file coords_16.cif (mmCIF, C-alpha atoms)
data_target
loop_
_atom_site.label_atom_id
_atom_site.label_comp_id
_atom_site.auth_asym_id
_atom_site.auth_seq_id
_atom_site.Cartn_x
_atom_site.Cartn_y
_atom_site.Cartn_z
CA MET E 1 -280.49 126.83 -138.43
CA THR E 2 -278.13 129.38 -140.00
CA LEU E 3 -279.31 131.97 -137.51
CA LEU E 4 -278.68 129.54 -134.66
CA TYR E 5 -275.12 128.89 -135.84
CA GLY E 6 -274.57 132.62 -136.24
CA ILE E 7 -275.79 133.43 -132.74
CA THR E 8 -273.76 130.61 -131.18
CA LEU E 9 -270.58 131.63 -132.97
CA THR E 10 -271.09 135.28 -132.05
CA VAL E 11 -271.57 134.48 -128.36
CA ILE E 12 -268.47 132.25 -128.34
CA ALA E 13 -266.46 134.94 -130.13
CA VAL E 14 -267.56 137.58 -127.61
CA SER E 15 -266.58 135.19 -124.79
CA GLY E 16 -263.18 134.79 -126.41
CA ILE E 17 -262.69 138.56 -126.51
CA VAL E 18 -263.73 138.86 -122.85
CA THR E 19 -261.26 136.10 -121.98
CA LEU E 20 -258.55 138.03 -123.82
CA LEU E 21 -259.06 140.86 -121.31
CA ARG E 22 -257.98 138.54 -118.51
CA LEU E 23 -255.09 137.28 -120.62
CA VAL E 24 -253.84 140.84 -121.07
CA ARG E 25 -254.54 142.03 -117.53
CA GLY E 26 -252.88 139.17 -115.65
CA PRO E 27 -251.95 139.86 -112.85
CA LEU E 28 -250.27 136.50 -112.19
CA ALA E 29 -248.79 134.26 -114.84
CA LEU E 30 -251.21 131.61 -113.56
CA ASP E 31 -254.15 133.79 -114.57
CA ARG E 32 -252.71 134.05 -118.06
CA ILE E 33 -252.26 130.29 -118.28
CA MET E 34 -255.86 129.82 -117.19
CA ALA E 35 -257.12 132.39 -119.70
CA LEU E 36 -255.15 130.72 -122.50
CA ASP E 37 -256.60 127.34 -121.54
CA VAL E 38 -260.14 128.74 -121.67
CA LEU E 39 -259.35 130.45 -124.96
CA VAL E 40 -258.27 127.14 -126.52
CA THR E 41 -261.46 125.55 -125.20
CA MET E 42 -263.48 128.27 -126.90
CA THR E 43 -261.54 127.72 -130.11
CA ILE E 44 -262.50 124.04 -129.95
CA ALA E 45 -266.16 124.94 -129.37
CA ALA E 46 -266.17 127.47 -132.21
CA THR E 47 -264.51 125.00 -134.59
CA ALA E 48 -267.11 122.37 -133.71
CA VAL E 49 -269.93 124.82 -134.39
CA GLY E 50 -268.28 125.85 -137.64
CA SER E 51 -267.87 122.29 -138.89
CA ALA E 52 -271.51 121.59 -137.99
CA ALA E 53 -272.61 124.72 -139.84
CA ARG E 54 -270.66 123.97 -143.01
CA ASP E 55 -271.33 120.22 -142.83
CA ASP E 56 -267.59 119.77 -143.14
CA THR E 57 -265.79 117.14 -141.08
CA THR E 58 -262.18 117.93 -142.00
CA ALA E 59 -261.62 119.97 -138.82
CA ILE E 60 -262.44 117.18 -136.37
CA PRO E 61 -258.86 115.86 -135.96
CA VAL E 62 -257.83 119.43 -135.19
CA LEU E 63 -260.19 119.39 -132.22
CA VAL E 64 -258.52 116.29 -130.77
CA VAL E 65 -255.05 117.81 -131.19
CA LEU E 66 -256.13 121.12 -129.64
CA ALA E 67 -257.63 119.37 -126.62
CA LEU E 68 -254.37 117.47 -126.08
CA LEU E 69 -252.16 120.53 -126.57
CA ALA E 70 -254.18 122.71 -124.19
CA PHE E 71 -253.88 120.17 -121.40
CA ILE E 72 -250.17 119.50 -121.82
CA GLY E 73 -249.37 123.19 -122.26
CA SER E 74 -251.20 124.35 -119.16
CA VAL E 75 -249.84 121.62 -116.91
CA THR E 76 -246.27 122.20 -118.11
CA ALA E 77 -246.49 125.96 -117.70
CA ALA E 78 -247.91 125.65 -114.18
CA HIS E 79 -245.11 123.24 -113.29
CA LEU E 80 -242.48 125.63 -114.63
CA ILE E 81 -243.90 128.48 -112.55
CA GLU E 82 -243.77 126.34 -109.43
CA LYS E 83 -240.15 125.45 -110.13
CA ARG E 84 -239.18 129.04 -110.83
CA GLU E 85 -240.73 130.24 -107.57
CA GLY E 86 -239.09 127.41 -105.67
CA MET E 87 -235.63 128.51 -106.81
CA ARG E 88 -235.95 132.02 -105.45
CA MET C 1 -285.29 112.09 -137.15
CA SER C 2 -283.70 115.15 -138.66
CA VAL C 3 -286.14 117.42 -136.83
CA LEU C 4 -285.29 115.70 -133.57
CA LEU C 5 -281.54 116.09 -134.13
CA ASP C 6 -282.02 119.72 -135.13
CA THR C 7 -283.96 120.33 -131.93
CA VAL C 8 -281.16 118.77 -129.88
CA THR C 9 -278.65 121.06 -131.56
CA ALA C 10 -280.91 124.09 -131.20
CA VAL C 11 -281.10 123.52 -127.45
CA LEU C 12 -277.49 122.52 -126.79
CA PHE C 13 -275.66 125.14 -128.87
CA PRO C 14 -277.10 128.23 -127.13
CA ALA C 15 -276.73 126.52 -123.74
CA GLY C 16 -273.08 125.73 -124.41
CA ALA C 17 -272.41 129.21 -125.76
CA ALA C 18 -274.09 130.71 -122.69
CA PHE C 19 -271.84 128.67 -120.42
CA CYS C 20 -268.79 129.82 -122.39
CA PHE C 21 -269.90 133.42 -121.99
CA LEU C 22 -270.61 133.08 -118.27
CA GLY C 23 -267.23 131.42 -117.80
CA ALA C 24 -265.49 134.27 -119.60
CA LEU C 25 -267.44 136.82 -117.58
CA GLY C 26 -266.47 135.12 -114.34
CA LEU C 27 -262.87 134.98 -115.48
CA VAL C 28 -262.83 138.75 -115.82
CA ARG C 29 -265.03 139.72 -112.87
CA PHE C 30 -263.91 137.41 -110.06
CA PRO C 31 -261.36 138.84 -107.64
CA ASP C 32 -258.58 136.25 -107.35
CA THR C 33 -257.00 133.24 -109.03
CA MET C 34 -258.80 130.64 -106.94
CA SER C 35 -262.30 131.96 -107.62
CA ARG C 36 -261.49 132.48 -111.29
CA LEU C 37 -260.68 128.79 -111.51
CA HIS C 38 -264.32 128.01 -110.75
CA ALA C 39 -265.64 130.10 -113.63
CA ALA C 40 -262.94 128.83 -116.00
CA ALA C 41 -263.74 125.19 -115.22
CA LYS C 42 -267.44 125.73 -115.96
CA ALA C 43 -266.69 127.09 -119.41
CA GLN C 44 -264.16 124.35 -120.07
CA THR C 45 -266.29 121.37 -119.11
CA LEU C 46 -270.00 122.08 -119.39
CA GLY C 47 -269.78 124.73 -122.12
CA LEU C 48 -267.56 122.67 -124.38
CA VAL C 49 -269.37 119.37 -123.77
CA LEU C 50 -272.78 120.87 -124.59
CA VAL C 51 -271.46 122.41 -127.81
CA LEU C 52 -269.69 119.19 -128.84
CA VAL C 53 -272.76 117.01 -128.23
CA GLY C 54 -274.84 119.51 -130.18
CA ALA C 55 -272.34 119.42 -133.04
CA SER C 56 -272.14 115.62 -133.06
CA ALA C 57 -275.93 115.52 -133.60
CA GLN C 58 -275.35 117.32 -136.92
CA MET C 59 -272.43 115.17 -138.08
CA PRO C 60 -272.57 111.98 -140.09
CA GLY C 61 -272.63 109.07 -137.64
CA ARG C 62 -269.04 107.95 -138.04
CA HIS C 63 -267.64 111.35 -137.02
CA ALA C 64 -269.64 111.66 -133.81
CA PRO C 65 -267.32 109.38 -131.75
CA ALA C 66 -264.32 111.68 -132.34
CA LEU C 67 -266.27 114.66 -131.00
CA LEU C 68 -267.46 112.69 -128.00
CA LEU C 69 -263.85 111.60 -127.44
CA VAL C 70 -262.82 115.25 -127.26
CA ALA C 71 -265.66 115.91 -124.80
CA LEU C 72 -264.65 112.96 -122.62
CA PHE C 73 -261.00 114.00 -122.73
CA GLN C 74 -261.93 117.51 -121.67
CA LEU C 75 -263.99 116.15 -118.79
CA PHE C 76 -260.94 114.22 -117.60
CA THR C 77 -258.31 116.91 -118.06
CA ALA C 78 -260.10 120.12 -116.95
CA PRO C 79 -260.16 119.07 -113.26
CA ILE C 80 -256.49 118.07 -113.44
CA THR C 81 -255.51 121.43 -114.93
CA SER C 82 -257.59 123.29 -112.34
CA GLN C 83 -256.07 121.32 -109.49
CA ILE C 84 -252.51 121.87 -110.68
CA ILE C 85 -253.05 125.60 -111.18
CA ALA C 86 -254.67 125.86 -107.74
CA ARG C 87 -251.80 123.94 -106.15
CA THR C 88 -249.23 126.15 -107.85
CA ALA C 89 -251.13 129.26 -106.74
CA TYR C 90 -251.14 127.98 -103.17
CA ARG C 91 -247.47 127.11 -103.11
CA THR C 92 -246.32 130.31 -104.79
CA HIS C 93 -248.51 132.50 -102.53
CA GLY C 94 -250.67 133.52 -105.46
CA LEU C 95 -253.92 133.54 -103.50
CA ASP C 96 -255.48 136.49 -101.71
CA ARG C 97 -255.71 135.45 -98.08
CA ASN C 98 -258.15 138.25 -97.24
CA LEU C 99 -260.79 136.50 -99.35
CA LEU C 100 -260.37 133.12 -97.66
CA LEU C 101 -262.79 131.96 -94.98
CA GLY C 102 -260.46 129.21 -93.82
CA ASP C 103 -257.36 127.31 -94.84
CA ALA C 104 -257.55 123.67 -93.80
CA LEU C 105 -254.36 122.81 -95.66
CA ALA C 106 -252.29 125.34 -93.68
CA ASP C 107 -253.51 123.85 -90.39
CA ARG C 108 -252.65 120.41 -91.62
CA LEU C 109 -249.21 121.47 -92.84
CA ALA C 110 -248.50 123.23 -89.54
CA ARG C 111 -249.54 120.15 -87.58
CA ASP C 112 -247.28 117.95 -89.69
CA GLY C 113 -244.41 120.32 -89.04
CA THR C 114 -243.97 121.29 -92.69
CA PRO C 115 -245.50 124.77 -92.96
CA LEU C 116 -245.20 126.57 -96.25
CA GLY C 117 -242.22 128.93 -96.09
CA GLY C 118 -242.00 132.43 -97.45
CA PRO C 119 -243.46 135.87 -96.81
CA GLY C 120 -247.13 135.15 -97.49
CA ARG C 121 -247.23 132.10 -95.28
CA ALA C 122 -250.47 131.35 -93.47
CA ARG C 123 -250.36 131.37 -89.72
CA PRO C 124 -252.52 128.74 -88.04
CA ASP C 125 -253.91 131.27 -85.56
CA GLU C 126 -255.18 133.49 -88.37
CA ASP C 127 -258.52 131.72 -88.38
CA ALA C 128 -259.00 131.96 -84.62
CA GLU C 129 -258.77 135.74 -84.76
CA ARG C 130 -261.70 136.01 -87.12
#
call {"tool": "encode", "arguments": {"input": "coords_16.cif", "output": "structure tokens"}}
result
Amino acid sequence: MTLLYGITLTVIAVSGIVTLLRLVRGPLALDRIMALDVLVTMTIAATAVGSAARDDTTAIPVLVVLALLAFIGSVTAAHLIEKREGMR
Amino acid sequence: MSVLLDTVTAVLFPAGAAFCFLGALGLVRFPDTMSRLHAAAKAQTLGLVLVLVGASAQMPGRHAPALLLVALFQLFTAPITSQIIARTAYRTHGLDRNLLLGDALADRLARDGTPLGGPGRARPDEDAER
């Protein structure tokens, strides 16, 4: 099982690094918002795998908060971009 | 029972991680914002839900509902986020019109007399030329 957890965490970590490329590259602010959203999702997945691996349930409330924050953050940022473009 | 739960986790964890990886790959490789949304949504819904269900099989029973709650919440919110980002991309001319096969919304907006203003605005006759 330890090997399984290791492989899963490694794949998720590599996915996070690949997502970071899009976050850095852009080109639109919307792409960055999307990349950040996916990055938070991967953080949630990695935390879940970690708490399963260590048999430790203290991180579970963090997952709920992260899921909420990612949603609110992305929607608000997209709204702000729409407003900013509308003013020009 | 433990062997069964371990098997569930052993199947779901790699599957979820694979979806996360494919989503990230699509996010980097796809050409424009609209098509990247597809890949991002796959990683956000299916990848996360598979990993969370796999993790909840390893948790003590009373902690599993919280993980499933996160999965359910993600299933509800990921489409909303995708739709809002797509709508913002459309309204702020953030999509590459050369990659589009058609634009039903532009036709509809033109017919209603409220076409989208601005430099990148879609002309209704653009589709007829192709």
call {"tool": "atom_distance", "arguments": {"input": "coords_16.cif", "atom1": "atom CA of Ser74 of chain E", "atom2": "atom CA of Thr88 of chain C"}}
result
11.6 Å
call {"tool": "interface_residues", "arguments": {"input": "coords_16.cif", "of": "chain E", "to": "chain C", "cutoff": "8 Å", "atoms": "all atoms listed in the file", "output": "VMD selection string"}}
result
chain E and resid 1 4 to 5 7 to 9 11 to 12 14 to 16 18 to 19 21 to 22 28 30 to 31 34 to 35 38 41 to 42 44 to 45 48 to 49 51 to 52 55 57 60 to 61 63 to 64 67 71 74 to 75 78 to 79 81 to 82 85 to 86
call {"tool": "atom_distance", "arguments": {"input": "coords_16.cif", "atom1": "atom CA of Leu72 of chain C", "atom2": "atom CA of Leu68 of chain E"}}
result
11.7 Å
call {"tool": "closest_residue", "arguments": {"input": "coords_16.cif", "among": "C:Ala104, C:Pro79, C:Ser35, C:Gly61", "to": "Leu5 of chain C", "atoms": "all atoms listed in the file"}}
result
C:Gly61
call {"tool": "axis_aligned_box", "arguments": {"input": "coords_16.cif", "around": "segment 91-108 of chain C", "padding_each_side": "5 Å", "output": "AutoDock Vina command-line options"}}
result
--center_x -254.6 --center_y 129.3 --center_z -97.9 --size_x 26.5 --size_y 27.8 --size_z 25.1
